[in-house]
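A.B. asks: Input file: protein_9.pdb. Contents: PDB, C-alpha atoms.
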```pdb
ATOM      1  CA  MET A  14     -51.295  -7.121 138.007
ATOM      2  CA  ASN A  15     -52.808  -8.834 134.983
ATOM      3  CA  LYS A  16     -55.055  -6.742 132.800
ATOM      4  CA  PRO A  17     -58.729  -7.795 132.837
ATOM      5  CA  TYR A  18     -58.764  -7.731 129.035
ATOM      6  CA  LEU A  19     -56.832  -8.728 125.930
ATOM      7  CA  LEU A  20     -56.214  -6.313 123.059
ATOM      8  CA  PHE A  21     -55.239  -7.548 119.624
ATOM      9  CA  ARG A  22     -55.478  -6.705 115.946
ATOM     10  CA  ASN A  23     -57.146  -8.782 113.285
ATOM     11  CA  HIS A  24     -54.965  -8.961 110.173
ATOM     12  CA  ASN A  25     -57.884  -7.713 108.020
ATOM     13  CA  SER A  26     -58.689  -4.641 110.107
ATOM     14  CA  PRO A  27     -56.940  -1.454 111.240
ATOM     15  CA  TYR A  28     -58.933  -1.534 114.500
ATOM     16  CA  TRP A  29     -58.013  -3.030 117.859
ATOM     17  CA  TYR A  30     -60.239  -5.804 119.209
ATOM     18  CA  ALA A  31     -60.817  -6.665 122.846
ATOM     19  CA  GLN A  32     -61.763  -9.678 124.912
ATOM     20  CA  ILE A  33     -62.861  -9.004 128.486
ATOM     21  CA  ARG A  34     -62.161 -11.470 131.298
ATOM     22  CA  LEU A  35     -65.518 -12.505 132.778
ATOM     23  CA  ALA A  36     -66.258 -13.297 136.428
ATOM     24  CA  ASP A  37     -66.011 -17.069 135.822
ATOM     25  CA  GLY A  38     -62.516 -16.645 134.329
ATOM     26  CA  SER A  39     -63.540 -17.146 130.707
ATOM     27  CA  LEU A  40     -63.127 -14.542 127.969
ATOM     28  CA  SER A  41     -65.879 -12.669 126.166
ATOM     29  CA  ARG A  42     -66.279 -12.803 122.404
ATOM     30  CA  ASN A  43     -64.094 -10.568 120.246
ATOM     31  CA  LYS A  44     -65.400  -7.009 120.122
ATOM     32  CA  SER A  45     -64.003  -4.193 118.003
ATOM     33  CA  THR A  46     -63.060  -1.063 119.920
ATOM     34  CA  GLY A  47     -63.384   1.010 116.754
ATOM     35  CA  LYS A  48     -59.997   2.567 117.544
ATOM     36  CA  GLU A  49     -56.848   2.440 115.413
ATOM     37  CA  SER A  50     -54.611   3.533 118.297
ATOM     38  CA  ILE A  51     -53.853   1.055 121.084
ATOM     39  CA  THR A  52     -53.726   3.955 123.544
ATOM     40  CA  GLU A  53     -57.248   5.050 122.603
ATOM     41  CA  ALA A  54     -58.498   1.455 122.732
ATOM     42  CA  GLU A  55     -57.105   1.026 126.275
ATOM     43  CA  LYS A  56     -58.681   4.325 127.388
ATOM     44  CA  LEU A  57     -62.016   3.077 126.073
ATOM     45  CA  LEU A  58     -61.705  -0.158 128.048
ATOM     46  CA  TRP A  59     -60.559   1.499 131.284
ATOM     47  CA  ASN A  60     -63.465   3.942 131.100
ATOM     48  CA  GLY A  61     -65.892   1.003 131.066
ATOM     49  CA  VAL A  62     -67.458   1.579 127.690
TER      50      VAL A  62
END
```
Using structure tokens, write down the structure from this file.
C.D. replies:
Amino acid sequence: MNKPYLLFRNHNSPYWYAQIRLADGSLSRNKSTGKESITEAEKLLWNGV
């Protein structure tokens, strides 16, 4: 199953950024998760915050 989001790091930031797949199939704008750990960033996304 494909994840409904993309997680990536910006080279200027220690934080993980996310893009959420929208209902029409497009991606949302980049949004910082505020987390330095990919595990914590994924928990944040799966909890719907």
A.B. asks: Find the distance between CA of His24 (chain A) and CA of Asn60 (chain A) and write it in Å to one decimal.
C.D. replies: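 Result for CA of His24 (chain A) versus CA of Asn60 (chain A): 26.0 Å, one decimal.
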A.B. asks: Could you tell me which residues the PyMOL selection byres ((chain A and resi 46) around 12) returns for this structure, as a PyMOL selection string?
C.D. replies: chain A and resi 19-23+26-33+43-45+47-59+61-62
A.B. asks: Show me as number ranges by chain the residues that reach within 9 Å of (-57.6, -14.3, 130.0), counting all atoms listed in the file and using the file's own coordinates.
C.D. replies: A: 15-19, 32-35, 38-40
